[in-house]
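The data block below is query_18.pdb; it holds PDB, C-alpha atoms and all ligand atoms.
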ATOM      1  CA  MET A 268      42.616-164.968 -62.339  1.00  0.00           C
ATOM      2  CA  ASN A 269      42.699-162.958 -59.122  1.00  0.00           C
ATOM      3  CA  GLN A 270      44.870-164.425 -56.405  1.00  0.00           C
ATOM      4  CA  ALA A 271      46.031-163.544 -52.905  1.00  0.00           C
ATOM      5  CA  VAL A 272      49.666-164.012 -51.901  1.00  0.00           C
ATOM      6  CA  LEU A 273      51.477-163.722 -48.579  1.00  0.00           C
ATOM      7  CA  ILE A 274      54.651-161.630 -48.635  1.00  0.00           C
ATOM      8  CA  LEU A 275      57.025-161.503 -45.688  1.00  0.00           C
ATOM      9  CA  ILE A 276      59.884-159.040 -45.499  1.00  0.00           C
ATOM     10  CA  LYS A 277      62.277-161.207 -43.522  1.00  0.00           C
ATOM     11  CA  PRO A 278      64.561-159.910 -40.741  1.00  0.00           C
ATOM     12  CA  ASP A 279      67.540-159.438 -43.092  1.00  0.00           C
ATOM     13  CA  GLY A 280      65.385-157.238 -45.341  1.00  0.00           C
ATOM     14  CA  LEU A 281      64.364-155.124 -42.353  1.00  0.00           C
ATOM     15  CA  LYS A 282      67.899-154.888 -40.989  1.00  0.00           C
ATOM     16  CA  LYS A 283      69.249-153.831 -44.388  1.00  0.00           C
ATOM     17  CA  SER A 284      66.598-151.047 -44.575  1.00  0.00           C
ATOM     18  CA  LEU A 285      65.087-152.564 -47.682  1.00  0.00           C
ATOM     19  CA  THR A 286      61.412-152.179 -46.739  1.00  0.00           C
ATOM     20  CA  GLY A 287      60.756-149.122 -48.898  1.00  0.00           C
ATOM     21  CA  ASN A 288      62.751-150.526 -51.759  1.00  0.00           C
ATOM     22  CA  ILE A 289      60.920-153.864 -51.690  1.00  0.00           C
ATOM     23  CA  LEU A 290      57.497-152.217 -51.499  1.00  0.00           C
ATOM     24  CA  THR A 291      58.444-150.011 -54.457  1.00  0.00           C
ATOM     25  CA  ARG A 292      59.511-153.053 -56.460  1.00  0.00           C
ATOM     26  CA  LEU A 293      56.287-154.854 -55.567  1.00  0.00           C
ATOM     27  CA  SER A 294      54.248-151.808 -56.581  1.00  0.00           C
ATOM     28  CA  GLU A 295      55.411-152.440 -60.175  1.00  0.00           C
ATOM     29  CA  THR A 296      52.986-155.345 -60.184  1.00  0.00           C
ATOM     30  CA  LYS A 297      49.974-152.986 -59.806  1.00  0.00           C
ATOM     31  CA  LEU A 298      48.585-155.445 -57.266  1.00  0.00           C
ATOM     32  CA  GLU A 299      46.563-154.192 -54.318  1.00  0.00           C
ATOM     33  CA  ILE A 300      47.817-154.436 -50.720  1.00  0.00           C
ATOM     34  CA  VAL A 301      44.876-155.793 -48.723  1.00  0.00           C
ATOM     35  CA  ALA A 302      46.660-156.439 -45.384  1.00  0.00           C
ATOM     36  CA  ALA A 303      49.899-155.350 -43.702  1.00  0.00           C
ATOM     37  CA  LYS A 304      51.411-155.559 -40.223  1.00  0.00           C
ATOM     38  CA  MET A 305      54.584-156.075 -38.214  1.00  0.00           C
ATOM     39  CA  VAL A 306      54.827-159.431 -36.466  1.00  0.00           C
ATOM     40  CA  ARG A 307      57.018-160.738 -33.656  1.00  0.00           C
ATOM     41  CA  VAL A 308      57.468-164.322 -34.826  1.00  0.00           C
ATOM     42  CA  SER A 309      57.124-167.069 -32.248  1.00  0.00           C
ATOM     43  CA  ALA A 310      58.948-170.364 -32.709  1.00  0.00           C
ATOM     44  CA  ALA A 311      55.554-172.032 -33.125  1.00  0.00           C
ATOM     45  CA  LEU A 312      54.543-169.661 -35.944  1.00  0.00           C
ATOM     46  CA  ALA A 313      57.890-170.047 -37.719  1.00  0.00           C
ATOM     47  CA  LYS A 314      57.747-173.858 -37.461  1.00  0.00           C
ATOM     48  CA  GLU A 315      54.190-173.966 -38.747  1.00  0.00           C
ATOM     49  CA  HIS A 316      55.025-171.608 -41.608  1.00  0.00           C
ATOM     50  CA  TYR A 317      57.982-173.748 -42.716  1.00  0.00           C
ATOM     51  CA  LYS A 318      56.586-177.141 -41.716  1.00  0.00           C
ATOM     52  CA  HIS A 319      57.167-178.547 -45.229  1.00  0.00           C
ATOM     53  CA  LEU A 320      60.913-178.215 -44.551  1.00  0.00           C
ATOM     54  CA  ASN A 321      61.058-179.723 -41.056  1.00  0.00           C
ATOM     55  CA  ASP A 322      63.168-182.684 -42.188  1.00  0.00           C
ATOM     56  CA  LYS A 323      65.864-180.481 -43.752  1.00  0.00           C
ATOM     57  CA  PRO A 324      69.292-180.054 -42.153  1.00  0.00           C
ATOM     58  CA  PHE A 325      68.886-176.266 -42.249  1.00  0.00           C
ATOM     59  CA  PHE A 326      65.464-176.267 -40.553  1.00  0.00           C
ATOM     60  CA  ASN A 327      66.591-175.123 -37.087  1.00  0.00           C
ATOM     61  CA  ASP A 328      68.620-172.255 -38.525  1.00  0.00           C
ATOM     62  CA  LEU A 329      65.715-171.340 -40.813  1.00  0.00           C
ATOM     63  CA  ILE A 330      63.421-170.996 -37.795  1.00  0.00           C
ATOM     64  CA  LYS A 331      65.986-168.825 -36.008  1.00  0.00           C
ATOM     65  CA  TYR A 332      66.407-166.753 -39.169  1.00  0.00           C
ATOM     66  CA  LEU A 333      62.668-166.065 -39.496  1.00  0.00           C
ATOM     67  CA  GLN A 334      62.503-165.189 -35.806  1.00  0.00           C
ATOM     68  CA  GLY A 335      65.256-162.611 -36.327  1.00  0.00           C
ATOM     69  CA  GLU A 336      67.853-164.267 -34.124  1.00  0.00           C
ATOM     70  CA  PHE A 337      70.607-163.639 -36.661  1.00  0.00           C
ATOM     71  CA  HIS A 338      69.744-159.999 -37.289  1.00  0.00           C
ATOM     72  CA  ASP A 339      68.872-158.459 -33.950  1.00  0.00           C
ATOM     73  CA  ARG A 340      65.469-157.677 -35.491  1.00  0.00           C
ATOM     74  CA  ARG A 341      62.804-159.800 -33.841  1.00  0.00           C
ATOM     75  CA  LYS A 342      60.132-158.975 -36.341  1.00  0.00           C
ATOM     76  CA  VAL A 343      58.995-159.432 -39.905  1.00  0.00           C
ATOM     77  CA  MET A 344      56.631-157.364 -42.031  1.00  0.00           C
ATOM     78  CA  ALA A 345      53.706-159.423 -43.313  1.00  0.00           C
ATOM     79  CA  LEU A 346      51.560-158.299 -46.246  1.00  0.00           C
ATOM     80  CA  VAL A 347      48.849-159.750 -48.438  1.00  0.00           C
ATOM     81  CA  TYR A 348      48.806-158.667 -52.072  1.00  0.00           C
ATOM     82  CA  TRP A 349      45.736-159.277 -54.193  1.00  0.00           C
ATOM     83  CA  GLY A 350      45.096-159.201 -57.926  1.00  0.00           C
ATOM     84  CA  LYS A 351      45.607-160.863 -61.279  1.00  0.00           C
ATOM     85  CA  ASP A 352      48.283-163.579 -61.244  1.00  0.00           C
ATOM     86  CA  ALA A 353      49.575-162.224 -57.917  1.00  0.00           C
ATOM     87  CA  ILE A 354      51.651-165.288 -57.041  1.00  0.00           C
ATOM     88  CA  GLY A 355      53.471-165.517 -60.358  1.00  0.00           C
ATOM     89  CA  LYS A 356      54.147-161.781 -60.493  1.00  0.00           C
ATOM     90  CA  CYS A 357      55.524-161.608 -56.951  1.00  0.00           C
ATOM     91  CA  ARG A 358      57.615-164.770 -57.266  1.00  0.00           C
ATOM     92  CA  GLU A 359      59.154-163.445 -60.445  1.00  0.00           C
ATOM     93  CA  LEU A 360      60.105-160.181 -58.757  1.00  0.00           C
ATOM     94  CA  ALA A 361      61.473-162.129 -55.767  1.00  0.00           C
ATOM     95  CA  GLY A 362      63.667-164.420 -57.856  1.00  0.00           C
ATOM     96  CA  ALA A 363      64.885-167.962 -57.167  1.00  0.00           C
ATOM     97  CA  THR A 364      65.083-169.398 -53.633  1.00  0.00           C
ATOM     98  CA  ASN A 365      68.887-169.637 -53.787  1.00  0.00           C
ATOM     99  CA  PRO A 366      70.053-166.008 -53.969  1.00  0.00           C
ATOM    100  CA  GLU A 367      73.169-167.084 -55.892  1.00  0.00           C
ATOM    101  CA  GLU A 368      70.935-168.543 -58.591  1.00  0.00           C
ATOM    102  CA  ALA A 369      68.360-165.750 -58.558  1.00  0.00           C
ATOM    103  CA  GLU A 370      68.385-163.364 -61.473  1.00  0.00           C
ATOM    104  CA  SER A 371      70.687-160.516 -60.516  1.00  0.00           C
ATOM    105  CA  THR A 372      68.020-157.828 -60.895  1.00  0.00           C
ATOM    106  CA  SER A 373      65.473-159.733 -58.771  1.00  0.00           C
ATOM    107  CA  ILE A 374      64.993-158.829 -55.102  1.00  0.00           C
ATOM    108  CA  ARG A 375      66.766-161.964 -53.892  1.00  0.00           C
ATOM    109  CA  GLY A 376      69.455-161.673 -56.571  1.00  0.00           C
ATOM    110  CA  SER A 377      70.099-158.062 -55.607  1.00  0.00           C
ATOM    111  CA  TYR A 378      70.049-158.365 -51.816  1.00  0.00           C
ATOM    112  CA  GLY A 379      70.199-162.021 -50.741  1.00  0.00           C
ATOM    113  CA  ARG A 380      73.186-164.012 -49.560  1.00  0.00           C
ATOM    114  CA  ILE A 381      74.112-167.473 -48.330  1.00  0.00           C
ATOM    115  CA  THR A 382      75.563-167.364 -44.832  1.00  0.00           C
ATOM    116  CA  THR A 383      78.672-169.275 -43.853  1.00  0.00           C
ATOM    117  CA  GLY A 384      76.269-171.452 -41.852  1.00  0.00           C
ATOM    118  CA  GLY A 385      74.469-172.312 -45.081  1.00  0.00           C
ATOM    119  CA  VAL A 386      71.149-170.487 -44.618  1.00  0.00           C
ATOM    120  CA  TYR A 387      69.738-168.785 -47.671  1.00  0.00           C
ATOM    121  CA  GLU A 388      69.061-165.256 -46.410  1.00  0.00           C
ATOM    122  CA  ASN A 389      66.854-164.228 -49.278  1.00  0.00           C
ATOM    123  CA  VAL A 390      65.111-161.117 -47.952  1.00  0.00           C
ATOM    124  CA  ILE A 391      61.486-161.976 -48.688  1.00  0.00           C
ATOM    125  CA  HIS A 392      59.009-164.821 -48.582  1.00  0.00           C
ATOM    126  CA  VAL A 393      56.397-165.229 -51.309  1.00  0.00           C
ATOM    127  CA  SER A 394      53.744-167.971 -51.220  1.00  0.00           C
ATOM    128  CA  SER A 395      54.413-170.611 -53.851  1.00  0.00           C
ATOM    129  CA  ASN A 396      50.894-171.548 -54.992  1.00  0.00           C
ATOM    130  CA  GLU A 397      47.232-170.856 -54.203  1.00  0.00           C
ATOM    131  CA  SER A 398      46.786-173.550 -51.566  1.00  0.00           C
ATOM    132  CA  GLU A 399      49.981-172.529 -49.770  1.00  0.00           C
ATOM    133  CA  ALA A 400      48.897-168.887 -49.988  1.00  0.00           C
ATOM    134  CA  GLU A 401      45.566-169.699 -48.332  1.00  0.00           C
ATOM    135  CA  ARG A 402      47.241-171.757 -45.604  1.00  0.00           C
ATOM    136  CA  GLU A 403      49.829-169.069 -44.929  1.00  0.00           C
ATOM    137  CA  ILE A 404      47.442-166.091 -45.015  1.00  0.00           C
ATOM    138  CA  LYS A 405      45.160-167.834 -42.502  1.00  0.00           C
ATOM    139  CA  LEU A 406      48.202-168.555 -40.345  1.00  0.00           C
ATOM    140  CA  TRP A 407      49.525-164.976 -40.308  1.00  0.00           C
ATOM    141  CA  PHE A 408      46.303-162.933 -40.387  1.00  0.00           C
ATOM    142  CA  ALA A 409      42.916-162.907 -38.711  1.00  0.00           C
ATOM    143  CA  PRO A 410      39.903-162.268 -40.960  1.00  0.00           C
ATOM    144  CA  ASP A 411      39.339-158.712 -39.768  1.00  0.00           C
ATOM    145  CA  GLU A 412      42.943-157.741 -40.529  1.00  0.00           C
ATOM    146  CA  ILE A 413      42.313-158.160 -44.261  1.00  0.00           C
ATOM    147  CA  ILE A 414      40.213-155.508 -45.996  1.00  0.00           C
ATOM    148  CA  VAL A 415      38.570-157.866 -48.494  1.00  0.00           C
ATOM    149  CA  ASP A 416      36.773-161.178 -47.915  1.00  0.00           C
ATOM    150  CA  LEU A 417      39.289-163.730 -49.160  1.00  0.00           C
ATOM    151  CA  TYR A 418      38.059-166.884 -47.467  1.00  0.00           C
ATOM    152  CA  PRO A 419      34.912-167.995 -45.622  1.00  0.00           C
ATOM    153  CA  VAL A 420      34.693-166.850 -42.019  1.00  0.00           C
ATOM    154  CA  ALA A 421      32.971-168.757 -39.237  1.00  0.00           C
ATOM    155  CA  GLU A 422      29.378-167.598 -38.721  1.00  0.00           C
ATOM    156  CA  LYS A 423      29.345-168.170 -35.000  1.00  0.00           C
ATOM    157  CA  GLU A 424      29.336-164.989 -32.926  1.00  0.00           C
ATOM    158  CA  GLU A 425      31.834-166.504 -30.530  1.00  0.00           C
ATOM    159  CA  GLN A 426      34.227-167.251 -33.389  1.00  0.00           C
ATOM    160  CA  ARG A 427      33.893-163.702 -34.699  1.00  0.00           C
ATOM    161  CA  ARG A 428      34.773-162.304 -31.307  1.00  0.00           C
ATOM    162  CA  LEU A 429      37.850-164.543 -31.279  1.00  0.00           C
ATOM    163  CA  LYS A 430      38.642-163.530 -34.873  1.00  0.00           C
ATOM    164  CA  GLY A 431      38.826-167.165 -35.923  1.00  0.00           C
ATOM    165  CA  TRP A 432      38.884-168.539 -39.442  1.00  0.00           C
ATOM    166  CA  ALA A 433      36.101-170.880 -40.429  1.00  0.00           C
TER     167      ALA A 433
HETATM  168  P1  LIG B 501      60.832-170.286 -51.286  1.00  0.00           P
HETATM  169  O1  LIG B 501      61.059-169.338 -50.135  1.00  0.00           O
HETATM  170  O2  LIG B 501      61.490-169.799 -52.550  1.00  0.00           O
HETATM  171  O3  LIG B 501      59.382-170.655 -51.490  1.00  0.00           O
HETATM  172  P2  LIG B 501      61.250-172.868 -49.959  1.00  0.00           P
HETATM  173  O4  LIG B 501      61.748-174.112 -50.623  1.00  0.00           O
HETATM  174  O5  LIG B 501      59.819-172.815 -49.548  1.00  0.00           O
HETATM  175  O6  LIG B 501      61.614-171.640 -50.949  1.00  0.00           O
HETATM  176  O7  LIG B 501      62.188-172.616 -48.711  1.00  0.00           O
HETATM  177  C1  LIG B 501      61.836-171.722 -47.688  1.00  0.00           C
HETATM  178  C2  LIG B 501      63.074-170.962 -47.229  1.00  0.00           C
HETATM  179  O8  LIG B 501      64.028-171.880 -46.682  1.00  0.00           O
HETATM  180  C3  LIG B 501      63.821-170.252 -48.344  1.00  0.00           C
HETATM  181  O9  LIG B 501      63.255-168.985 -48.685  1.00  0.00           O
HETATM  182  C4  LIG B 501      65.220-170.130 -47.767  1.00  0.00           C
HETATM  183  O10 LIG B 501      65.294-169.046 -46.829  1.00  0.00           O
HETATM  184  C5  LIG B 501      65.352-171.456 -47.003  1.00  0.00           C
HETATM  185  N1  LIG B 501      65.967-172.519 -47.814  1.00  0.00           N
HETATM  186  C6  LIG B 501      65.354-173.252 -48.776  1.00  0.00           C
HETATM  187  N2  LIG B 501      66.192-174.162 -49.312  1.00  0.00           N
HETATM  188  C7  LIG B 501      67.356-173.999 -48.652  1.00  0.00           C
HETATM  189  C8  LIG B 501      68.634-174.674 -48.763  1.00  0.00           C
HETATM  190  O11 LIG B 501      68.847-175.597 -49.567  1.00  0.00           O
HETATM  191  N3  LIG B 501      69.619-174.234 -47.923  1.00  0.00           N
HETATM  192  C9  LIG B 501      69.425-173.220 -47.023  1.00  0.00           C
HETATM  193  N4  LIG B 501      68.250-172.566 -46.892  1.00  0.00           N
HETATM  194  C10 LIG B 501      67.231-172.950 -47.706  1.00  0.00           C
HETATM  195 MG    MG B 502      58.110-171.735 -50.207  1.00  0.00          MG
END
Any chance you could give the structure as structure tokens?
Amino acid sequence: MNQAVLILIKPDGLKKSLTGNILTRLSETKLEIVAAKMVRVSAALAKEHYKHLNDKPFFNDLIKYLQGEFHDRRKVMALVYWGKDAIGKCRELAGATNPEEAESTSIRGSYGRITTGGVYENVIHVSSNESEAEREIKLWFAPDEIIVDLYPVAEKEEQRRLKGWA
């Protein structure tokens, strides 16, 4: 079944010059890249992205981490991959959330760490299921930034001009 998945190369991945390496690893999946851009992450975007974790003790640090406050890199690279079993393939390459538990050859196992402050700096984000992927892709991208039609777009001319999702 074809799926779309949001990938973020987090600020630690950018700071460690892992972009090329991560894209090479992801290319093993034979999935298609259908969107890509650099994003300066606002607090509002980071909080919305991680809203399912807003009751966790590490939430504030997680927001700062995604915004690049710990890495002097106020940006992330956002991509959408598309193809057969995209979520499963990318999550397997990424490895477990906790980089200490991730398989050592996975991206997180190879390059992630747990900071002394307790944040899992795990290099990339990968959507966890189809509904989260849809929510996240609509949060990070406008319809005309994606080269295939993934989700319905509002018909209204005004909405199109504003690049709004339906
Ligand atoms: P995922 O990124 O593997 O989907 P989530 O549970 O959605 O994992 O958590 C989002 C992010 O929050 C993780 O990638 C990691 O950076 C951070 N995180 C998750 N759980 C913990 C924790 O127990 N301690 C510290 N950071 C965590
Ligand atoms: Mg998640």
Answer key for the PyMOL selection byres (((not hetatm)) within 9 of (chain B and resi 501)), residues as a PyMOL selection string: chain A and resi 317+319-320+323-326+328-330+332-333+358+361-366+381-382+384-395
Output of the PyMOL selection byres (((chain A and resi 297) around 10) and not hetatm), listed as a list in words: Leu293, Ser294, Glu295, Thr296, Leu298, Glu299, Ile300, Tyr348, Trp349, Gly350, Lys351, Ala353 and Lys356 of chain A
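Shortest separation to Ile404 of chain A among A:Gly335, A:Leu346, A:Asp416, A:Met268 occurs at residue A:Leu346, atoms counted being only C-alpha atoms.
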Expected selection from the PyMOL selection byres (((chain A and resi 307-311) around 12) and not hetatm), given as a ChimeraX atom specification: /A:275,277-278,304-306,312-318,326-336,340-345,406-407
Gap from atom CA of Thr286 of chain A to atom CA of Ser377 of chain A - Å, one decimal: 13.7 Å
For ligand MG 502 (chain B), the nearest of the candidates A:Asp339, A:Glu370, A:Glu399, A:Asp322, counting only C-alpha atoms and all ligand atoms: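 Closest to ligand MG 502 (chain B), using only C-alpha atoms and all ligand atoms: A:Glu399.
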Proximity to Thr291 of chain A - best of A:Ile354, A:Ser398, A:Leu360, A:Leu273, all atoms listed in the file: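 Among the listed residues, A:Leu360 lies closest to Thr291 of chain A.
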Computed interatomic separation between atom CA of Ala400 of chain A and atom MG of ligand MG 502 (chain B) (Å): 9.6 Å
Minimum-distance residue to ligand MG 502 (chain B), chosen among A:Glu368, A:Val272, A:Ala409, A:Asp279 (using only C-alpha atoms and all ligand atoms):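 When distances to ligand MG 502 (chain B) are compared using only C-alpha atoms and all ligand atoms, the smallest one comes from A:Val272.
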Nearest residue to ligand MG 502 (chain B) from the set A:Glu397, A:Pro419, A:Arg292, A:Pro410 (distances using all atoms listed in the file):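 Checking each of A:Glu397, A:Pro419, A:Arg292, A:Pro410 against ligand MG 502 (chain B), counting all atoms listed in the file, the winner is A:Glu397.
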Best match for closeness to ligand MG 502 (chain B) among A:Val301, A:Asp411, A:Gly431, A:Glu403, counting all atoms listed in the file: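 Closest to ligand MG 502 (chain B) of all the choices is A:Glu403.
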